[in-house]
Each structure stands twice: as structure tokens, then as C-alpha cells.
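J.: Pasting a structure below so you can have a look.
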Protein chains: 2
Amino acid sequence: MRWQPDGRGRLELAALELYLEQGFESTTVAEIAERAGLSERTFFRHFADKREVLFPGGDTFENLIAEAALAAPVEFGPLDAAFAGLEAVGVFLKERRSFAQKRQRIISATPELQERELIKLQSVATKLQESLLERGSSAPVAGLVAEVAVAVFKTSFETWIRAKNTSDLTTVLRSSLQELREATALSQ
Amino acid sequence: MRWQPDGRGRLELAALELYLEQGFESTTVAEIAERAGLSERTFFRHFADKREVLFPGGDTFENLIAEAALAAPVEFGPLDAAFAGLEAVGVFLKERRSFAQKRQRIISATPELQERELIKLQSVATKLQESLLERGSSAPVAGLVAEVAVAVFKTSFETWIRAKNTSDLTTVLRSSLQELREATALSQ
DNA sequence: TGACGAATGTCAGTCGCTGACGTTAATTAC
DNA sequence: GTAATTAACGTCAGCGACTGACATTCGTCA
């Protein structure tokens with residue numbers, strides 16, 4: 001075989017390493033390609049741009065959430081259904097915490113990458129909204145709840161990533177939901 | 001005087017027009033500068049990049065929200081304080097609806113610009129969080145509520161922009177908050 | 001008048017990214 | 001088993017976003 005296997009994976013690994021070593025901005029796509037033993041042009045065949053290499057998996061993430069939300073018990077309201085979706089991610093990330101931490105360190109240091117992450121979360125919200133619509137929510141409620149659920153996810157994820165002990169994202173999610181309910185309850 | 005006045009303003013106007021006429025991606029910074037009677041280099045002295053020209057005002061927006069949230073009555077809980085901040089934006093945008101619509105048409109057509117908009121909203125959330133902290137909220141609650149408030153703002157703003165009749169953003173915000181409270185209330 | 005600073009211009013250069021075209025290797029068809 | 005097809009990669013040329021360095025013009029103020 002002329003080519004080493006899994007060129008795409010090698011590019012992802014090389015990019016992660018170089019972004020950690022030198023920072024995102026001072027790393028060149030040519031450098032990444034070189035470390036992966038490929039050409040720059042090939043990098044752009046695998047990834048739309050220099051940032052996308054840090055966001056693999058495409059829409060598997062969104063689909064995971066959407067499906068789990070859809071599969072939630074019928075008696076669940078939209079918010080609980082949405083959270084059933086988010087908890088599926090919690091399970092998914094359980095084994096990948098250290099990778100997620102490395103990745104997040106890079107993203108936190110780079111506004112460009114934060115933008116990309118935010119738009120990914122936005123598409124999660126959109127997908128989630130569709131699920132809630134299918135479950136019978138009205139359009140305004142589905143949009144609102146999806147957006148709010150993702151907002152809660154953001155804060156929970158951040159807490160989970162920063163935690164010293166290896167905590168459970170699902171647990172954090174549940175307590176955030178609890179806090180949300182308290183904060184939205186009308187003060188009596 | 002050698003230079004026409006308000007170069008920056010001319011660049012903003014030229015950019016808005018060209019983005020509307022030809023789309024964001026097929027518009028060149030050189031074109032914008034030319035229409036404004038300036039050089040490309042000068043464009044980049046006024047704006048960090050090609051997108052930023054659509055987001056003028058810097059952080060006046062965030063400050064407006066943060067201050068209004070801070071000025072809310074002491075007896076308000078964090079969520080209501082946050083909404084007091086958002087309503088200040090509602091007032092601010094009242095007279096600028098048609099401009100906001102043009103701008104939003106461009107943004108909606110361009111993922112790159114959506115990314116930028118999202119990170120602006122993120123910095124609003126951060127600023128808002130600081131206000132809530134000053135009001136005495138705990139860190140987790142402030143973060144959560146700020147994030148959720150901005151999420152509600154996003155859906156309200158979208159509704160307001162799309163409305164056929166010239167509705168009031170503040171009104172939309174209030175009804176969204178009401179919907180949020182219903183959605184988070186435990187189903188009895 | 002002359003020194004200084006603010007806004008702009010010019011130029012060269014790097015880097016992200018794309019289109020066009022050619023090459024190699026595995027697979028599939030016959 | 002050979003030929004056609006396809007998938008993955010390489011090379012090259014080129015555009016456009018963005019930056020650094022240096023020069024210029026104009027208003028201002030001593």
C-alpha cells in the first residue's frame with residue numbers, strides 16, 4: 001500500500017499536538033500536514049478549514065442528543081425530554097474526559113475556535129428543537145426550551161471540565177437543572 | 001481638509017450595502033474600501049476583520065445590559081434582574097428595527113457571520129454574569145442565569161425580527177420569560 | 001514657524017483556502 | 001487476468017484576508 005492508513009486520523013492527531021505545543025494561531029496547516037506525512041492540499045480535502053480538525057464526528061453529536069430526546073418517555077415535558085438528550089452526551093463523554101480537557105484548553109485560548117464551538121452548539125439546539133417539535137411541542141416552546149437546554153449544558157460542561165476530581169457530567173447536568181428550576185420559580 | 005469626514009462610518013455603510021447587494025463572501029475588502037474612498041489598509045485599521053464591520057458599537061451593548069441589570073430593584077431575583085438588562089436592549093432597538101433587519105438578513109445568509117454574532121452574545125452573557133455576581137448571586141447561579149437569559153433573548157430577538165407588524169421586543173421578551181417559567185415548572 | 005500626533009497611503013509578504021489537473025493504488029467489471 | 005473505474009493523494013497556480021514597516025498629509029499647539 002502506497003499510503004499509510006487513516007490519513008484523516010493522523011491529521012487530527014498532528015493538529016491537536018501542534019495546537020497544544022505552539023498554539024493554534026502560530027501553527028500552520030502546512031506544518032500539520034507535514035507532521036502527518038501528507039500534503040497541505042489533502043488536509044483541506046478532509047477538513048473544511050483549519051478549525052474544523054478540532055471538531056470531528058460531524059453531526060453524530062447532535063444526532064445522539066436528538067434521538068435520546070425523542071426516545072424520552074411520553075409523559076416527559078419538553079424540558080425533561082431535552083435533558084434526556086443531554087444526558088446521553090454525558091454518558092458519551094464519560095470515557096473521553098482527558099481528551100475533552102486537552103481540546104478545551106486549546107479552544108479556551110483561541111477566540112476563533114470559540115466561535116466555531118458556539119456554532120456547533122447552535123446546531124445542536126436546532127436539532128434538539130426539531131426533536132421537541134416531533135414530540136408535540138409548539139414551535140415557540142420548542143425553540144425556547146432547546147436554546148435554554150443548550151445554555152444549561154454549556155455551564156454544566158464547563159463545570160465538569162474544570163472539576164478537579166473526575167466527576168460525572170450527568171450529575172452536574174441534573175443539579176444544574178435543579179438550579180434552573182429554583183431560579184425560574186417565582187419568589188413567593 | 002484632505003480627508004472626508006467619518007471614514008469609519010463610510011466604511012460601515014459601504015460594507016452594509018455591498019454585503020446586501022452581492023453577499024458577504026463575494027464582497028472584497030478592497031471593494032468596500034474603494035466605495036468608501038479609502039484604502040484596504042485603512043479598513044483594517046478600523047476593523048479587526050471583514051466581519052467586524054457589521055458589529056459596530058463595541059461593547060456598548062453589553063454595558064447597557066450589565067448596567068440595567070445592576071440597577072434593577074434589590075428585591076428582584078437574578079433572573080428578573082437579568083431580564084431588566086435585556087429589556088434595556090429592547091428599548092434601545094426600538095428605533096433601529098429596520099437596520100437590524102437588514103443586518104440580520106446578511107448574517108442569516110452567512111455562517112461566518114453567525115459565528116461572530118454568537119461570540120458577541122457570549123460576551124454579553126459573561127458581562128451579565130458579572131452583574132449578577134455583584135448583586136450577590138453565587139457563581140454557579142449567576143453563570144447559569146446569565147446563559148439562560150441570553151438564550152431567551154436569542155429566541156425573542158428572532159421572533160421580533162421576523163414579525164410582520166412592528167411589534168415591541170420588550171413585549172416579546174416578557175412573554176418568552178413567561179413561557180420559560182411554564183416550561184420549567186414541575187408538571188403537577 | 002515648527003514640532004507633534006492622528007489618519008491615511010504604499011508596498012511587500014504570509015497564510016488560509018480553492019480550482020484544475022495529474023498520479024497511484026485498490027476495487028470492480030468483464 | 002486484464003481493463004475500467006474510483007478513492008486518496010500530489011503539484012501548481014492563484015485569490016483574498018490580514019499584517020508589519022515605512023512614508024505622507026493635515027490639523028494643532030507651543
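Simple scheme: letters A, B, ... for chains in C-alpha cells order, numbers from 1 for residues in each chain, numbers from 1 for ligands in the order shown.
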Considering only C-alpha atoms (C1' of nucleotides), extract the chain B residues located within 10 Å of chain C and return them as a PyMOL selection string.

T.: chain B and resi 2-3+7+38-42+45

J.: Could you list, as a list in words, every residue of chain D that has an atom within 9 Å of an atom of chain A, counting only C-alpha atoms (C1' of nucleotides)?

T.: DA8, DC9 and DG10 of chain D

J.: Take the residues that were just selected and, keeping N, CA and C atoms (P, O5', C5', C4', C3', O3' and C1' of nucleotides), output them as a compact mmCIF listing (two decimals), in the first residue's frame.

T.:
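Output saved as part35.txt:
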# COMPACT_ATOMS: atom_id res chain seq x y z
P DA D 8 -11.53 7.48 0.04
O5' DA D 8 -10.02 7.98 -0.06
C5' DA D 8 -8.98 7.01 0.10
C4' DA D 8 -7.66 7.64 -0.27
C3' DA D 8 -7.41 9.02 0.37
O3' DA D 8 -6.21 8.95 1.12
C1' DA D 8 -6.95 9.06 -1.96
P DC D 9 -5.67 10.22 1.90
O5' DC D 9 -4.66 10.92 0.89
C5' DC D 9 -3.47 10.22 0.53
C4' DC D 9 -2.86 10.83 -0.70
C3' DC D 9 -2.33 12.25 -0.54
O3' DC D 9 -0.95 12.24 -0.23
C1' DC D 9 -3.27 11.79 -2.70
P DG D 10 -0.19 13.66 -0.14
O5' DG D 10 0.13 13.98 -1.67
C5' DG D 10 0.96 13.10 -2.41
C4' DG D 10 1.47 13.78 -3.67
C3' DG D 10 2.06 15.17 -3.45
O3' DG D 10 3.26 15.32 -4.19
C1' DG D 10 0.25 15.27 -5.01

J.: Could the residues of chain A within 8 Å of chain B, counting only C-alpha atoms, be given as a PDB file with C-alpha atoms, in the first residue's frame, please?

T.:
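The resulting part.pdb:
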ATOM      1  CA  GLY A  77     -42.392  17.625  29.303  1.00  0.00           C
ATOM      2  CA  PRO A  78     -40.162  19.283  26.703  1.00  0.00           C
ATOM      3  CA  LEU A  79     -37.533  20.377  29.205  1.00  0.00           C
ATOM      4  CA  GLN A 114     -14.690  29.521  20.496  1.00  0.00           C
ATOM      5  CA  GLU A 115     -16.725  30.866  17.628  1.00  0.00           C
ATOM      6  CA  ARG A 116     -16.659  27.513  15.957  1.00  0.00           C
ATOM      7  CA  LEU A 118     -20.573  28.114  19.659  1.00  0.00           C
ATOM      8  CA  ILE A 119     -21.971  27.494  16.222  1.00  0.00           C
ATOM      9  CA  VAL A 141     -41.774  26.449  23.206  1.00  0.00           C
ATOM     10  CA  GLY A 143     -37.233  26.802  20.264  1.00  0.00           C
ATOM     11  CA  LEU A 144     -37.084  28.318  23.694  1.00  0.00           C
ATOM     12  CA  VAL A 145     -36.555  25.072  25.560  1.00  0.00           C
ATOM     13  CA  GLU A 147     -32.000  27.028  23.461  1.00  0.00           C
ATOM     14  CA  VAL A 148     -32.253  27.034  27.242  1.00  0.00           C
ATOM     15  CA  ALA A 151     -27.388  27.034  27.664  1.00  0.00           C
ATOM     16  CA  VAL A 152     -27.558  24.848  30.732  1.00  0.00           C
ATOM     17  CA  THR A 155     -22.419  25.850  32.032  1.00  0.00           C
ATOM     18  CA  SER A 176     -27.897  22.484  37.040  1.00  0.00           C
ATOM     19  CA  GLU A 179     -30.781  25.200  39.978  1.00  0.00           C
ATOM     20  CA  LEU A 180     -32.581  26.380  36.883  1.00  0.00           C
ATOM     21  CA  ARG A 181     -35.909  25.348  38.351  1.00  0.00           C
ATOM     22  CA  ALA A 183     -34.039  30.315  39.677  1.00  0.00           C
ATOM     23  CA  THR A 184     -37.090  30.436  37.474  1.00  0.00           C
ATOM     24  CA  ALA A 185     -39.566  29.717  40.222  1.00  0.00           C
ATOM     25  CA  SER A 187     -40.189  34.087  44.503  1.00  0.00           C
TER      26      SER A 187
END

J.: Could you pull out all residues of chain A with a DSSP call of alpha helix (DSSP H) and give them as a VMD selection string?

T.: chain A and resid 7 to 22 29 to 35 40 to 46 60 to 70 78 to 93 97 to 108 111 to 134 139 to 162 169 to 184

J.: With C-alpha atoms retained, export the selected residues as a compact mmCIF listing (two decimals), in the first residue's frame.

T.:
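Everything below was put into part.txt:
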# COMPACT_ATOMS: atom_id res chain seq x y z
CA GLY A 7 -4.66 9.84 6.97
CA ARG A 8 -7.52 11.73 8.49
CA GLY A 9 -6.80 10.43 11.97
CA ARG A 10 -3.12 11.32 11.62
CA LEU A 11 -4.08 14.84 10.66
CA GLU A 12 -6.34 15.16 13.69
CA LEU A 13 -3.62 13.93 15.99
CA ALA A 14 -0.92 16.11 14.47
CA ALA A 15 -3.16 19.16 14.69
CA LEU A 16 -4.03 18.52 18.34
CA GLU A 17 -0.38 18.11 19.23
CA LEU A 18 0.79 21.18 17.38
CA TYR A 19 -2.02 23.36 18.68
CA LEU A 20 -1.04 22.32 22.19
CA GLU A 21 2.66 22.81 21.62
CA GLN A 22 2.66 26.11 19.76
CA VAL A 29 -1.64 23.95 8.10
CA ALA A 30 1.50 23.05 6.20
CA GLU A 31 3.10 22.04 9.49
CA ILE A 32 0.19 19.83 10.42
CA ALA A 33 0.23 18.17 7.04
CA GLU A 34 3.96 17.64 7.21
CA ARG A 35 3.79 16.00 10.62
CA GLU A 40 -1.49 20.68 2.71
CA ARG A 41 -4.00 20.15 -0.05
CA THR A 42 -5.00 16.84 1.48
CA PHE A 43 -5.69 18.48 4.80
CA PHE A 44 -8.31 20.64 3.14
CA ARG A 45 -9.85 17.63 1.48
CA HIS A 46 -10.52 16.16 4.90
CA THR A 60 -23.05 12.37 15.39
CA PHE A 61 -23.19 14.52 18.48
CA GLU A 62 -26.34 16.33 17.55
CA ASN A 63 -27.98 13.14 16.37
CA LEU A 64 -27.19 11.44 19.65
CA ILE A 65 -28.94 14.17 21.55
CA ALA A 66 -31.86 14.43 19.19
CA GLU A 67 -32.53 10.72 19.26
CA ALA A 68 -32.26 10.44 23.01
CA ALA A 69 -34.65 13.35 23.41
CA LEU A 70 -37.07 11.72 21.03
CA PRO A 78 -40.16 19.28 26.70
CA LEU A 79 -37.53 20.38 29.20
CA ASP A 80 -37.12 16.92 30.68
CA ALA A 81 -37.04 15.40 27.22
CA ALA A 82 -34.32 17.82 26.19
CA PHE A 83 -32.33 16.90 29.26
CA ALA A 84 -32.68 13.23 28.49
CA GLY A 85 -30.90 14.12 25.28
CA LEU A 86 -28.15 15.99 27.06
CA GLU A 87 -27.57 13.16 29.46
CA ALA A 88 -26.83 10.90 26.53
CA VAL A 89 -23.87 13.16 25.84
CA GLY A 90 -22.87 12.86 29.45
CA VAL A 91 -22.60 9.13 29.02
CA PHE A 92 -20.77 9.51 25.73
CA LEU A 93 -18.14 11.81 27.23
CA ARG A 97 -12.73 13.38 29.64
CA SER A 98 -8.99 13.82 29.33
CA PHE A 99 -9.22 14.28 25.58
CA ALA A 100 -12.01 16.79 26.07
CA GLN A 101 -9.84 18.66 28.52
CA LYS A 102 -6.91 18.94 26.14
CA ARG A 103 -9.19 20.11 23.41
CA GLN A 104 -10.87 22.62 25.66
CA ARG A 105 -7.56 24.08 26.72
CA ILE A 106 -6.84 24.91 23.10
CA ILE A 107 -10.29 26.29 22.47
CA SER A 108 -10.26 28.45 25.57
CA PRO A 111 -11.44 33.13 20.11
CA GLU A 112 -11.59 31.78 16.58
CA LEU A 113 -12.15 28.33 17.98
CA GLN A 114 -14.69 29.52 20.50
CA GLU A 115 -16.72 30.87 17.63
CA ARG A 116 -16.66 27.51 15.96
CA GLU A 117 -17.67 25.76 19.14
CA LEU A 118 -20.57 28.11 19.66
CA ILE A 119 -21.97 27.49 16.22
CA LYS A 120 -21.71 23.77 16.81
CA LEU A 121 -23.76 24.18 19.96
CA GLN A 122 -26.20 26.26 17.99
CA SER A 123 -26.76 23.44 15.56
CA VAL A 124 -27.29 21.14 18.50
CA ALA A 125 -30.02 23.46 19.68
CA THR A 126 -31.63 23.42 16.25
CA LYS A 127 -31.57 19.65 16.06
CA LEU A 128 -32.97 19.44 19.55
CA GLN A 129 -35.73 21.84 18.65
CA GLU A 130 -36.78 19.53 15.82
CA SER A 131 -37.00 16.64 18.24
CA LEU A 132 -39.17 18.61 20.60
CA LEU A 133 -41.43 19.60 17.74
CA GLU A 134 -41.84 15.97 16.83
CA ALA A 139 -42.77 25.98 17.78
CA PRO A 140 -42.07 28.80 20.26
CA VAL A 141 -41.77 26.45 23.21
CA ALA A 142 -39.57 24.01 21.32
CA GLY A 143 -37.23 26.80 20.26
CA LEU A 144 -37.08 28.32 23.69
CA VAL A 145 -36.55 25.07 25.56
CA ALA A 146 -33.94 23.81 23.13
CA GLU A 147 -32.00 27.03 23.46
CA VAL A 148 -32.25 27.03 27.24
CA ALA A 149 -31.29 23.39 27.49
CA VAL A 150 -28.13 24.02 25.50
CA ALA A 151 -27.39 27.03 27.66
CA VAL A 152 -27.56 24.85 30.73
CA PHE A 153 -25.39 22.29 29.01
CA LYS A 154 -22.74 24.92 28.38
CA THR A 155 -22.42 25.85 32.03
CA SER A 156 -22.51 22.23 33.14
CA PHE A 157 -19.88 21.20 30.65
CA GLU A 158 -17.60 23.97 31.79
CA THR A 159 -18.01 22.94 35.40
CA TRP A 160 -17.35 19.33 34.53
CA ILE A 161 -14.22 20.11 32.53
CA ARG A 162 -12.81 22.25 35.30
CA LEU A 169 -21.24 15.16 33.68
CA THR A 170 -24.66 13.65 34.05
CA THR A 171 -24.66 14.50 37.72
CA VAL A 172 -23.64 18.07 37.03
CA LEU A 173 -26.40 18.34 34.46
CA ARG A 174 -29.00 17.21 36.92
CA SER A 175 -28.00 19.67 39.58
CA SER A 176 -27.90 22.48 37.04
CA LEU A 177 -31.42 21.64 36.02
CA GLN A 178 -32.37 21.78 39.64
CA GLU A 179 -30.78 25.20 39.98
CA LEU A 180 -32.58 26.38 36.88
CA ARG A 181 -35.91 25.35 38.35
CA GLU A 182 -35.16 27.22 41.52
CA ALA A 183 -34.04 30.32 39.68
CA THR A 184 -37.09 30.44 37.47
